[in-house]
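**Q** Input structure: start.pdb, which contains PDB, C-alpha atoms.
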```pdb
ATOM      1  CA  MET A   1      42.775-219.872 -52.945
ATOM      2  CA  GLU A   2      42.906-216.109 -52.592
ATOM      3  CA  ILE A   3      44.170-214.689 -49.301
ATOM      4  CA  PRO A   4      41.472-212.475 -47.757
ATOM      5  CA  TYR A   5      41.982-208.898 -46.515
ATOM      6  CA  THR A   6      45.147-208.138 -48.493
ATOM      7  CA  VAL A   7      43.609-204.877 -49.681
ATOM      8  CA  GLU A   8      40.168-204.551 -48.109
ATOM      9  CA  ALA A   9      39.948-204.028 -44.338
ATOM     10  CA  HIS A  10      39.061-206.849 -41.987
ATOM     11  CA  PRO A  11      35.599-206.144 -40.515
ATOM     12  CA  GLU A  12      36.796-206.753 -36.943
ATOM     13  CA  THR A  13      39.962-204.645 -36.921
ATOM     14  CA  GLY A  14      39.269-202.160 -39.723
ATOM     15  CA  LEU A  15      42.778-202.931 -41.053
ATOM     16  CA  ASN A  16      44.186-205.093 -43.822
ATOM     17  CA  ASN A  17      46.732-207.867 -43.196
ATOM     18  CA  GLY A  18      49.751-205.789 -44.184
ATOM     19  CA  LYS A  19      48.920-202.884 -41.888
ATOM     20  CA  ILE A  20      48.391-204.979 -38.793
ATOM     21  CA  GLY A  21      51.435-207.094 -39.656
ATOM     22  CA  ILE A  22      53.810-204.146 -39.998
ATOM     23  CA  TRP A  23      52.610-202.565 -36.742
ATOM     24  CA  LEU A  24      53.085-205.830 -34.839
ATOM     25  CA  PHE A  25      56.580-206.076 -36.353
ATOM     26  CA  LEU A  26      57.334-202.484 -35.322
ATOM     27  CA  THR A  27      56.260-203.171 -31.726
ATOM     28  CA  SER A  28      58.802-206.013 -31.625
ATOM     29  CA  GLU A  29      61.383-203.584 -33.003
ATOM     30  CA  VAL A  30      60.565-201.112 -30.217
ATOM     31  CA  MET A  31      61.393-203.835 -27.695
ATOM     32  CA  LEU A  32      64.610-204.759 -29.562
ATOM     33  CA  PHE A  33      65.953-201.210 -29.546
ATOM     34  CA  GLY A  34      64.402-200.688 -26.085
ATOM     35  CA  ALA A  35      66.565-203.509 -24.705
ATOM     36  CA  LEU A  36      69.644-201.865 -26.218
ATOM     37  CA  PHE A  37      68.701-198.438 -24.823
ATOM     38  CA  ALA A  38      68.193-200.067 -21.387
ATOM     39  CA  THR A  39      71.665-201.623 -21.750
ATOM     40  CA  PHE A  40      73.027-198.193 -22.659
ATOM     41  CA  ILE A  41      71.503-196.675 -19.478
ATOM     42  CA  MET A  42      72.910-199.526 -17.377
ATOM     43  CA  LEU A  43      76.408-199.087 -18.824
ATOM     44  CA  ARG A  44      76.332-195.315 -18.444
ATOM     45  CA  ILE A  45      75.135-195.484 -14.828
ATOM     46  CA  GLY A  46      77.722-198.138 -14.015
ATOM     47  CA  SER A  47      80.642-196.320 -15.643
ATOM     48  CA  ASP A  48      81.697-194.619 -12.365
ATOM     49  CA  GLY A  49      81.944-191.208 -13.994
ATOM     50  CA  ASN A  50      84.212-192.399 -16.818
ATOM     51  CA  TRP A  51      81.543-192.034 -19.496
ATOM     52  CA  ALA A  52      82.451-188.479 -20.561
ATOM     53  CA  ALA A  53      86.117-189.465 -20.857
ATOM     54  CA  MET A  54      85.274-192.524 -22.979
ATOM     55  CA  GLN A  55      82.949-190.402 -25.145
ATOM     56  CA  ALA A  56      85.640-187.744 -25.657
ATOM     57  CA  GLU A  57      88.223-190.423 -26.491
ATOM     58  CA  ALA A  58      85.904-191.871 -29.158
ATOM     59  CA  GLU A  59      86.083-188.513 -31.014
ATOM     60  CA  LEU A  60      82.637-188.744 -32.608
ATOM     61  CA  ASN A  61      82.107-186.378 -35.523
ATOM     62  CA  ILE A  62      79.135-184.139 -34.614
ATOM     63  CA  PRO A  63      78.913-182.195 -37.944
ATOM     64  CA  LEU A  64      78.820-185.468 -39.934
ATOM     65  CA  ALA A  65      76.201-186.954 -37.610
ATOM     66  CA  THR A  66      74.109-183.765 -37.902
ATOM     67  CA  LEU A  67      74.317-184.046 -41.689
ATOM     68  CA  ASN A  68      73.247-187.692 -41.441
ATOM     69  CA  THR A  69      70.269-186.697 -39.302
ATOM     70  CA  ALA A  70      69.219-184.139 -41.922
ATOM     71  CA  VAL A  71      69.610-186.757 -44.687
ATOM     72  CA  LEU A  72      67.422-189.251 -42.838
ATOM     73  CA  ILE A  73      64.751-186.625 -42.109
ATOM     74  CA  ALA A  74      64.783-185.634 -45.793
ATOM     75  CA  SER A  75      64.350-189.312 -46.726
ATOM     76  CA  SER A  76      61.273-189.482 -44.501
ATOM     77  CA  LEU A  77      59.815-186.555 -46.433
ATOM     78  CA  THR A  78      60.534-188.194 -49.805
ATOM     79  CA  MET A  79      58.995-191.429 -48.479
ATOM     80  CA  VAL A  80      55.664-189.784 -47.603
ATOM     81  CA  MET A  81      55.790-187.895 -50.901
ATOM     82  CA  ALA A  82      56.183-191.234 -52.724
ATOM     83  CA  TRP A  83      53.069-192.528 -50.963
ATOM     84  CA  ALA A  84      51.181-189.276 -51.656
ATOM     85  CA  SER A  85      52.107-189.565 -55.356
ATOM     86  CA  LEU A  86      50.556-193.033 -55.508
ATOM     87  CA  MET A  87      47.442-191.719 -53.773
ATOM     88  CA  ARG A  88      47.230-189.150 -56.595
ATOM     89  CA  GLY A  89      47.787-191.882 -59.192
ATOM     90  CA  GLN A  90      51.154-190.445 -60.335
ATOM     91  CA  LEU A  91      53.423-193.413 -61.008
ATOM     92  CA  GLY A  92      56.283-191.315 -62.427
ATOM     93  CA  ARG A  93      56.456-189.028 -59.394
ATOM     94  CA  PHE A  94      56.194-192.028 -57.099
ATOM     95  CA  LYS A  95      59.294-193.530 -58.740
ATOM     96  CA  VAL A  96      61.229-190.257 -58.442
ATOM     97  CA  PHE A  97      60.451-189.940 -54.724
ATOM     98  CA  GLY A  98      60.975-193.671 -54.176
ATOM     99  CA  TRP A  99      64.484-193.587 -55.669
ATOM    100  CA  LEU A 100      65.244-190.353 -53.774
ATOM    101  CA  THR A 101      64.382-192.207 -50.567
ATOM    102  CA  VAL A 102      66.682-195.099 -51.488
ATOM    103  CA  GLY A 103      69.370-192.553 -52.472
ATOM    104  CA  CYS A 104      69.114-190.771 -49.120
ATOM    105  CA  GLY A 105      69.529-194.138 -47.407
ATOM    106  CA  GLY A 106      72.655-194.683 -49.513
ATOM    107  CA  ILE A 107      74.059-191.257 -48.573
ATOM    108  CA  PHE A 108      73.405-192.045 -44.901
ATOM    109  CA  LEU A 109      75.367-195.299 -45.201
ATOM    110  CA  VAL A 110      78.268-193.653 -47.076
ATOM    111  CA  ILE A 111      78.573-191.012 -44.321
ATOM    112  CA  LYS A 112      78.405-193.783 -41.721
ATOM    113  CA  TYR A 113      81.158-195.635 -43.615
ATOM    114  CA  PHE A 114      83.427-192.571 -43.390
ATOM    115  CA  GLU A 115      82.649-192.254 -39.685
ATOM    116  CA  TYR A 116      83.440-195.924 -39.001
ATOM    117  CA  THR A 117      86.603-195.795 -41.146
ATOM    118  CA  ALA A 118      87.875-192.784 -39.182
ATOM    119  CA  LYS A 119      87.297-194.734 -35.943
ATOM    120  CA  PHE A 120      89.183-197.792 -37.204
ATOM    121  CA  GLU A 121      92.090-195.631 -38.446
ATOM    122  CA  HIS A 122      92.471-194.361 -34.869
ATOM    123  CA  HIS A 123      92.282-197.960 -33.602
ATOM    124  CA  HIS A 124      88.898-197.343 -32.040
ATOM    125  CA  TYR A 125      87.163-200.719 -32.092
ATOM    126  CA  PRO A 126      84.154-202.112 -30.202
ATOM    127  CA  GLU A 127      86.516-203.745 -27.695
ATOM    128  CA  SER A 128      88.355-200.443 -27.064
ATOM    129  CA  SER A 129      85.843-199.136 -24.519
ATOM    130  CA  THR A 130      82.352-199.728 -23.141
ATOM    131  CA  PHE A 131      81.181-196.573 -24.911
ATOM    132  CA  LEU A 132      82.469-197.741 -28.294
ATOM    133  CA  ALA A 133      81.029-201.230 -27.748
ATOM    134  CA  ILE A 134      77.473-199.955 -27.299
ATOM    135  CA  TYR A 135      78.030-197.242 -29.956
ATOM    136  CA  PHE A 136      78.995-199.789 -32.634
ATOM    137  CA  ALA A 137      76.280-202.241 -31.511
ATOM    138  CA  MET A 138      73.445-199.709 -31.721
ATOM    139  CA  THR A 139      74.537-197.675 -34.739
ATOM    140  CA  GLY A 140      75.511-200.911 -36.543
ATOM    141  CA  LEU A 141      72.109-202.470 -35.916
ATOM    142  CA  HIS A 142      70.489-199.242 -37.060
ATOM    143  CA  ALA A 143      72.585-199.271 -40.257
ATOM    144  CA  LEU A 144      71.394-202.844 -40.939
ATOM    145  CA  HIS A 145      67.830-201.554 -40.658
ATOM    146  CA  VAL A 146      68.638-198.794 -43.150
ATOM    147  CA  ILE A 147      69.959-201.439 -45.596
ATOM    148  CA  GLY A 148      66.792-203.523 -45.087
ATOM    149  CA  GLY A 149      64.564-200.481 -45.656
ATOM    150  CA  MET A 150      66.495-199.527 -48.793
ATOM    151  CA  ALA A 151      66.069-203.035 -50.233
ATOM    152  CA  TRP A 152      62.349-202.984 -49.423
ATOM    153  CA  ASN A 153      61.825-199.544 -51.003
ATOM    154  CA  ALA A 154      63.998-200.379 -54.021
ATOM    155  CA  TYR A 155      61.855-203.429 -54.745
ATOM    156  CA  PHE A 156      58.560-201.502 -54.619
ATOM    157  CA  THR A 157      59.983-198.598 -56.623
ATOM    158  CA  GLY A 158      61.526-200.936 -59.202
ATOM    159  CA  PRO A 159      60.048-204.322 -60.159
ATOM    160  CA  GLY A 160      57.267-204.194 -57.547
ATOM    161  CA  SER A 161      55.794-201.052 -59.096
ATOM    162  CA  LYS A 162      54.282-203.153 -61.915
ATOM    163  CA  LEU A 163      51.462-203.777 -59.476
ATOM    164  CA  PHE A 164      50.331-200.194 -60.182
ATOM    165  CA  HIS A 165      48.759-201.342 -63.451
ATOM    166  CA  THR A 166      46.852-204.293 -61.971
ATOM    167  CA  ASN A 167      46.086-203.362 -58.358
ATOM    168  CA  ARG A 168      46.989-199.744 -57.565
ATOM    169  CA  GLN A 169      45.518-199.755 -54.056
ATOM    170  CA  TRP A 170      47.569-202.789 -53.073
ATOM    171  CA  LEU A 171      50.790-201.083 -54.189
ATOM    172  CA  THR A 172      49.770-197.892 -52.354
ATOM    173  CA  ASP A 173      49.182-199.890 -49.159
ATOM    174  CA  ARG A 174      52.475-201.744 -49.536
ATOM    175  CA  VAL A 175      54.352-198.469 -49.957
ATOM    176  CA  GLU A 176      52.591-197.074 -46.877
ATOM    177  CA  HIS A 177      53.735-200.131 -44.904
ATOM    178  CA  SER A 178      57.337-199.909 -46.104
ATOM    179  CA  GLY A 179      57.116-196.199 -45.237
ATOM    180  CA  LEU A 180      56.091-197.058 -41.680
ATOM    181  CA  PHE A 181      59.262-199.137 -41.335
ATOM    182  CA  TRP A 182      61.377-196.376 -42.881
ATOM    183  CA  HIS A 183      59.960-193.734 -40.508
ATOM    184  CA  PHE A 184      60.619-196.056 -37.583
ATOM    185  CA  VAL A 185      64.280-196.260 -38.650
ATOM    186  CA  ASP A 186      64.319-192.433 -38.770
ATOM    187  CA  LEU A 187      62.662-192.299 -35.342
ATOM    188  CA  VAL A 188      65.329-194.559 -33.793
ATOM    189  CA  TRP A 189      68.083-192.318 -35.213
ATOM    190  CA  ILE A 190      66.374-189.249 -33.728
ATOM    191  CA  PHE A 191      67.191-190.755 -30.303
ATOM    192  CA  LEU A 192      70.563-192.307 -31.199
ATOM    193  CA  PHE A 193      71.944-188.975 -32.430
ATOM    194  CA  PRO A 194      71.668-186.952 -29.187
ATOM    195  CA  VAL A 195      72.286-189.938 -26.914
ATOM    196  CA  PHE A 196      75.657-190.853 -28.460
ATOM    197  CA  TYR A 197      76.928-187.637 -29.988
ATOM    198  CA  LEU A 198      75.641-184.857 -27.782
ATOM    199  CA  LEU A 199      74.753-185.988 -24.264
TER     200      LEU A 199
ATOM    201  CA  MET B   1      45.238-193.869 -42.302
ATOM    202  CA  SER B   2      41.590-193.257 -43.147
ATOM    203  CA  GLU B   3      40.564-193.955 -46.716
ATOM    204  CA  HIS B   4      39.233-190.442 -47.371
ATOM    205  CA  VAL B   5      42.183-188.086 -47.115
ATOM    206  CA  ASP B   6      42.835-184.669 -48.580
ATOM    207  CA  ILE B   7      46.252-185.363 -50.124
ATOM    208  CA  ASP B   8      47.040-181.691 -50.859
ATOM    209  CA  LYS B   9      46.453-180.825 -47.200
ATOM    210  CA  GLN B  10      48.526-183.840 -46.137
ATOM    211  CA  VAL B  11      51.437-182.771 -48.345
ATOM    212  CA  ARG B  12      51.388-179.255 -46.846
ATOM    213  CA  ILE B  13      51.536-180.840 -43.370
ATOM    214  CA  TYR B  14      54.443-183.080 -44.430
ATOM    215  CA  PHE B  15      56.503-180.060 -45.461
ATOM    216  CA  LEU B  16      55.678-178.243 -42.209
ATOM    217  CA  VAL B  17      56.704-181.307 -40.190
ATOM    218  CA  PHE B  18      59.913-181.588 -42.234
ATOM    219  CA  GLY B  19      60.724-177.948 -41.404
ATOM    220  CA  ALA B  20      59.988-178.502 -37.722
ATOM    221  CA  LEU B  21      62.227-181.597 -37.653
ATOM    222  CA  MET B  22      65.110-179.664 -39.221
ATOM    223  CA  VAL B  23      64.675-176.826 -36.708
ATOM    224  CA  GLY B  24      64.532-179.436 -33.914
ATOM    225  CA  THR B  25      67.807-180.976 -35.139
ATOM    226  CA  LEU B  26      69.518-177.582 -35.119
ATOM    227  CA  ALA B  27      68.086-176.877 -31.650
ATOM    228  CA  THR B  28      69.456-180.206 -30.379
ATOM    229  CA  VAL B  29      72.936-179.368 -31.683
ATOM    230  CA  GLY B  30      72.623-175.796 -30.355
ATOM    231  CA  ALA B  31      71.707-177.094 -26.895
ATOM    232  CA  TYR B  32      74.932-179.142 -26.907
ATOM    233  CA  TYR B  33      76.987-175.959 -27.013
ATOM    234  CA  LEU B  34      75.100-174.383 -24.083
ATOM    235  CA  GLU B  35      77.136-174.486 -20.916
ATOM    236  CA  VAL B  36      74.692-176.307 -18.679
ATOM    237  CA  SER B  37      74.985-179.213 -16.248
ATOM    238  CA  VAL B  38      74.685-182.818 -17.507
ATOM    239  CA  PRO B  39      71.153-183.401 -16.082
ATOM    240  CA  VAL B  40      69.887-180.181 -17.714
ATOM    241  CA  ALA B  41      71.559-181.064 -21.035
ATOM    242  CA  LEU B  42      70.031-184.563 -20.860
ATOM    243  CA  THR B  43      66.575-183.138 -20.168
ATOM    244  CA  ILE B  44      66.783-180.603 -23.030
ATOM    245  CA  GLY B  45      68.231-183.137 -25.496
ATOM    246  CA  LEU B  46      65.723-185.878 -24.739
ATOM    247  CA  PHE B  47      62.802-183.423 -24.691
ATOM    248  CA  ILE B  48      63.647-182.161 -28.201
ATOM    249  CA  ALA B  49      64.173-185.750 -29.411
ATOM    250  CA  SER B  50      60.780-186.756 -27.976
ATOM    251  CA  VAL B  51      59.031-183.847 -29.718
ATOM    252  CA  LYS B  52      60.711-184.770 -33.017
ATOM    253  CA  ALA B  53      59.805-188.452 -32.592
ATOM    254  CA  SER B  54      56.184-187.506 -31.836
ATOM    255  CA  LEU B  55      56.020-185.448 -35.036
ATOM    256  CA  VAL B  56      57.348-188.361 -37.102
ATOM    257  CA  ALA B  57      54.961-190.843 -35.455
ATOM    258  CA  CYS B  58      51.864-188.615 -35.621
ATOM    259  CA  PHE B  59      52.206-187.220 -39.139
ATOM    260  CA  PHE B  60      54.649-189.299 -41.204
ATOM    261  CA  MET B  61      53.418-192.584 -39.696
ATOM    262  CA  HIS B  62      49.802-191.323 -39.712
ATOM    263  CA  LEU B  63      49.276-192.206 -36.059
ATOM    264  CA  ILE B  64      47.139-189.120 -35.603
ATOM    265  CA  ASP B  65      44.445-190.846 -37.656
ATOM    266  CA  GLU B  66      44.688-194.581 -36.943
ATOM    267  CA  LYS B  67      42.401-197.383 -35.894
ATOM    268  CA  LYS B  68      41.814-198.151 -32.218
ATOM    269  CA  ILE B  69      43.492-201.546 -32.361
ATOM    270  CA  ILE B  70      46.797-199.883 -33.340
ATOM    271  CA  TYR B  71      46.524-197.469 -30.402
ATOM    272  CA  TRP B  72      45.872-200.340 -27.974
ATOM    273  CA  THR B  73      48.749-202.377 -29.378
ATOM    274  CA  LEU B  74      51.077-199.402 -29.049
ATOM    275  CA  ALA B  75      49.828-198.616 -25.526
ATOM    276  CA  LEU B  76      50.768-202.162 -24.494
ATOM    277  CA  THR B  77      54.175-201.750 -26.140
ATOM    278  CA  VAL B  78      54.745-198.439 -24.348
ATOM    279  CA  ALA B  79      53.898-200.100 -20.995
ATOM    280  CA  PHE B  80      56.468-202.846 -21.598
ATOM    281  CA  PHE B  81      58.987-200.310 -22.900
ATOM    282  CA  ILE B  82      58.659-198.229 -19.706
ATOM    283  CA  ALA B  83      59.144-201.389 -17.622
ATOM    284  CA  LEU B  84      62.247-202.191 -19.672
ATOM    285  CA  MET B  85      63.669-198.696 -19.113
ATOM    286  CA  ALA B  86      62.782-198.772 -15.398
ATOM    287  CA  LEU B  87      64.672-202.024 -14.745
ATOM    288  CA  PRO B  88      68.221-200.600 -14.993
ATOM    289  CA  LEU B  89      67.194-197.463 -13.098
ATOM    290  CA  LEU B  90      65.639-199.526 -10.276
ATOM    291  CA  THR B  91      68.754-201.709 -10.159
ATOM    292  CA  SER B  92      70.880-198.606  -9.779
ATOM    293  CA  VAL B  93      68.676-197.250  -6.966
ATOM    294  CA  ALA B  94      68.727-200.653  -5.220
ATOM    295  CA  ASP B  95      72.555-200.706  -5.429
ATOM    296  CA  GLN B  96      72.807-197.241  -3.903
ATOM    297  CA  VAL B  97      70.383-198.146  -1.096
ATOM    298  CA  GLY B  98      72.428-201.292  -0.434
ATOM    299  CA  GLU B  99      75.706-199.340  -0.283
ATOM    300  CA  PHE B 100      74.116-196.766   2.058
ATOM    301  CA  ALA B 101      72.825-199.523   4.378
ATOM    302  CA  GLU B 102      76.287-201.138   4.418
ATOM    303  CA  VAL B 103      77.962-197.850   5.421
ATOM    304  CA  GLU B 104      75.345-197.300   8.141
ATOM    305  CA  ALA B 105      75.922-200.788   9.532
ATOM    306  CA  HIS B 106      79.706-200.277   9.774
ATOM    307  CA  GLU B 107      79.553-196.827  11.374
ATOM    308  CA  PRO B 108      80.171-196.845  15.161
ATOM    309  CA  HIS B 109      77.093-195.759  17.174
TER     310      HIS B 109
END
```
Write out the structure in this file as structure tokens.

**A**
Amino acid sequence: MEIPYTVEAHPETGLNNGKIGIWLFLTSEVMLFGALFATFIMLRIGSDGNWAAMQAEAELNIPLATLNTAVLIASSLTMVMAWASLMRGQLGRFKVFGWLTVGCGGIFLVIKYFEYTAKFEHHHYPESSTFLAIYFAMTGLHALHVIGGMAWNAYFTGPGSKLFHTNRQWLTDRVEHSGLFWHFVDLVWIFLFPVFYLL
Amino acid sequence: MSEHVDIDKQVRIYFLVFGALMVGTLATVGAYYLEVSVPVALTIGLFIASVKASLVACFFMHLIDEKKIIYWTLALTVAFFIALMALPLLTSVADQVGEFAEVEAHEPH
């Protein structure tokens, strides 16, 4: 039996299954990161003025984090360009932009690896301070999301792109949905960056 | 995203948004080096982050042209998100009120 509304829109909602599914998933993600941001506020308020000292002691690398922000923003651009290429029916360009997106995710993780390694070399671990505990929890969870998004995009850019020849619209929709997740990951970093590194 | 889109126009918008996000990132870092008080720095930093997030949501995530059901779902999420953010702040205010009342009670009249 064929599943209905995989490509065509449901008459009630005007959306296909994938679109409504990814948005419902993203709302749950908002609450997940929201809970962590609320925890962050609680810890900062309850730190009795020690927050700045803990932040300074953590020695976060602002230039590297700025570079990472730029990389993630660039990956969001390549992601929408991948989708736009499919809308134009250009499979080759889609693959180029798709792999660029995955590559940017990889660069982000490599930079994050160097940042984490520098922390561990200075014996800065999650248990070292409240600031580092929430820093590793939130940036670590974000990095896991980047890995998930990379895997998702790699599949559609690689083996999943065969769908282009049989059902182009379905592939285009799927890439739009994986793009929504990828932009959400970018959006979370847009808040993590100033909150941990600058404020 | 509506089915009938002018892709060339969309692509031009994507590049403009990308430029704005890069400028916003530099502005956020620039604001860090301004010698201002913590509340002012927080306000500037979070304002720029909110503008950047809005650009990503509206244009990259196509929220500027979405179906009503998505808007309603997100409105509900925003309401719960605000409640979630308000909880620690209200707890903090309640603690301060409690401490103030305790000091008042122990002061000789």

**Q** Rank A:Leu15, A:Ile41, A:Ala58, A:Leu24 by their smallest atom-to-atom distance to His124 of chain A, using all atoms listed in the file, and report the top residue only.

**A**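 Once distances to His124 of chain A are computed over all atoms listed in the file, the minimum belongs to A:Ala58.
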
**Q** Taking 3 positions as the minimum chain separation for residues in the same chain, which residues sit within 7 Å of segment 35-40 of chain A when counting all atoms listed in the file? Answer as number ranges by chain.

**A** A: 31-32, 43-44, 134; B: 84-85, 88

**Q** I need the contact residues of chain B against chain A, so if you could list those with any atom within 8 Å, counting all atoms listed in the file, and return them as a PDB file with C-alpha atoms, in the coordinates of the input, that would help.

**A**
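Generated file (iface21.pdb):
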```pdb
ATOM      1  CA  ILE B   7      46.252-185.363 -50.124  1.00  0.00           C
ATOM      2  CA  VAL B  11      51.437-182.771 -48.345  1.00  0.00           C
ATOM      3  CA  TYR B  14      54.443-183.080 -44.430  1.00  0.00           C
ATOM      4  CA  PHE B  15      56.503-180.060 -45.461  1.00  0.00           C
ATOM      5  CA  PHE B  18      59.913-181.588 -42.234  1.00  0.00           C
ATOM      6  CA  LEU B  21      62.227-181.597 -37.653  1.00  0.00           C
ATOM      7  CA  MET B  22      65.110-179.664 -39.221  1.00  0.00           C
ATOM      8  CA  THR B  25      67.807-180.976 -35.139  1.00  0.00           C
ATOM      9  CA  THR B  28      69.456-180.206 -30.379  1.00  0.00           C
ATOM     10  CA  VAL B  29      72.936-179.368 -31.683  1.00  0.00           C
ATOM     11  CA  TYR B  32      74.932-179.142 -26.907  1.00  0.00           C
ATOM     12  CA  VAL B  38      74.685-182.818 -17.507  1.00  0.00           C
ATOM     13  CA  ALA B  41      71.559-181.064 -21.035  1.00  0.00           C
ATOM     14  CA  LEU B  42      70.031-184.563 -20.860  1.00  0.00           C
ATOM     15  CA  GLY B  45      68.231-183.137 -25.496  1.00  0.00           C
ATOM     16  CA  LEU B  46      65.723-185.878 -24.739  1.00  0.00           C
ATOM     17  CA  ALA B  49      64.173-185.750 -29.411  1.00  0.00           C
ATOM     18  CA  SER B  50      60.780-186.756 -27.976  1.00  0.00           C
ATOM     19  CA  LYS B  52      60.711-184.770 -33.017  1.00  0.00           C
ATOM     20  CA  ALA B  53      59.805-188.452 -32.592  1.00  0.00           C
ATOM     21  CA  VAL B  56      57.348-188.361 -37.102  1.00  0.00           C
ATOM     22  CA  ALA B  57      54.961-190.843 -35.455  1.00  0.00           C
ATOM     23  CA  PHE B  60      54.649-189.299 -41.204  1.00  0.00           C
ATOM     24  CA  MET B  61      53.418-192.584 -39.696  1.00  0.00           C
ATOM     25  CA  LYS B  67      42.401-197.383 -35.894  1.00  0.00           C
ATOM     26  CA  ILE B  69      43.492-201.546 -32.361  1.00  0.00           C
ATOM     27  CA  ILE B  70      46.797-199.883 -33.340  1.00  0.00           C
ATOM     28  CA  THR B  73      48.749-202.377 -29.378  1.00  0.00           C
ATOM     29  CA  LEU B  74      51.077-199.402 -29.049  1.00  0.00           C
ATOM     30  CA  THR B  77      54.175-201.750 -26.140  1.00  0.00           C
ATOM     31  CA  PHE B  80      56.468-202.846 -21.598  1.00  0.00           C
ATOM     32  CA  PHE B  81      58.987-200.310 -22.900  1.00  0.00           C
ATOM     33  CA  LEU B  84      62.247-202.191 -19.672  1.00  0.00           C
ATOM     34  CA  MET B  85      63.669-198.696 -19.113  1.00  0.00           C
ATOM     35  CA  LEU B  87      64.672-202.024 -14.745  1.00  0.00           C
ATOM     36  CA  PRO B  88      68.221-200.600 -14.993  1.00  0.00           C
ATOM     37  CA  LEU B  89      67.194-197.463 -13.098  1.00  0.00           C
ATOM     38  CA  SER B  92      70.880-198.606  -9.779  1.00  0.00           C
TER      39      SER B  92
END
```

**Q** Could you jot down the atom CA of Gly105 of chain A to atom CA of Ala75 of chain B separation for me, Å, one decimal place?

**A** 29.8 Å

**Q** Considering only C-alpha atoms, can you say which of A:Ile3, A:His165, A:Asn68, A:Phe120 comes closest to Phe136 of chain A?

**A** A:Phe120

**Q** I'd like to see the residues matched by the PyMOL selection byres ((chain A and resi 140-155) around 8) on this file, and ideally I'd get them as a list in words.

**A** Gly98, Trp99, Thr101, Val102, Gly105, Gly106, Leu109, Tyr135, Phe136, Ala137, Met138, Thr139, Phe156, Thr157, Gly158, Pro159, Gly160, Ser161, Val175, Ser178, Phe181, Trp182, Val185, Val188 and Trp189 of chain A

**Q** Do you have the atom CA of Gly24 of chain B-atom CA of Leu64 of chain A distance handy?

**A**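 About the pair atom CA of Gly24 of chain B and atom CA of Leu64 of chain A: they are 16.6 Å apart.
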
**Q** To one decimal in Å, tell me the separation between atom CA of Gly21 of chain A and atom CA of Ala9 of chain A.

**A**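 Going from atom CA of Gly21 of chain A over to atom CA of Ala9 of chain A, I get 12.8 Å.
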
**Q** Tell me which of A:Pro126, A:Pro4, A:Gly89, A:Pro11 sits closest to Thr172 of chain A, counting only C-alpha atoms.

**A**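 Comparing A:Pro126, A:Pro4, A:Gly89, A:Pro11 against Thr172 of chain A, the winner is A:Gly89.
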
**Q** Would you please work out which residue, of B:Ala86, B:Ala79, B:Leu55, B:Ala105, is nearest to Gly19 of chain B when using all atoms listed in the file?

**A**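 Nearest to Gly19 of chain B: B:Leu55.
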
**Q** My list of candidates is A:Met54, A:Leu72, A:Val7, A:Leu163. Which is closest to Ile111 of chain A when distances are computed with only C-alpha atoms?

**A**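 Using only C-alpha atoms, the shortest distance to Ile111 of chain A belongs to A:Leu72.
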
**Q** When you write segment 28-39 of chain B out from the block above, keep N, CA and C atoms and present the result as a tab-separated table (two decimals), in the first residue's frame, please.

**A**
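result14.tsv written:
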```
chain	number	residue	atom	x	y	z
B	28	THR	N	28.58	41.49	16.41
B	28	THR	CA	28.50	40.84	17.73
B	28	THR	C	29.87	40.83	18.38
B	29	VAL	N	30.90	40.45	17.59
B	29	VAL	CA	32.26	40.41	18.14
B	29	VAL	C	32.73	41.83	18.46
B	30	GLY	N	32.40	42.79	17.59
B	30	GLY	CA	32.78	44.18	17.82
B	30	GLY	C	32.17	44.71	19.11
B	31	ALA	N	30.92	44.36	19.35
B	31	ALA	CA	30.22	44.83	20.56
B	31	ALA	C	30.90	44.31	21.82
B	32	TYR	N	31.55	43.14	21.71
B	32	TYR	CA	32.23	42.54	22.86
B	32	TYR	C	33.38	43.44	23.33
B	33	TYR	N	34.02	44.09	22.36
B	33	TYR	CA	35.17	44.93	22.71
B	33	TYR	C	34.79	46.35	23.15
B	34	LEU	N	33.48	46.67	23.07
B	34	LEU	CA	33.02	47.97	23.57
B	34	LEU	C	33.06	47.94	25.09
B	35	GLU	N	33.47	49.03	25.68
B	35	GLU	CA	33.52	49.05	27.14
B	35	GLU	C	32.18	49.52	27.68
B	36	VAL	N	31.27	48.58	27.81
B	36	VAL	CA	29.93	48.91	28.33
B	36	VAL	C	29.62	47.96	29.49
B	37	SER	N	28.57	48.32	30.26
B	37	SER	CA	28.22	47.48	31.40
B	37	SER	C	27.65	46.14	30.93
B	38	VAL	N	27.60	45.16	31.85
B	38	VAL	CA	27.14	43.81	31.48
B	38	VAL	C	25.70	43.83	30.94
B	39	PRO	N	24.75	44.54	31.61
B	39	PRO	CA	23.38	44.53	31.06
B	39	PRO	C	23.30	45.10	29.64
```
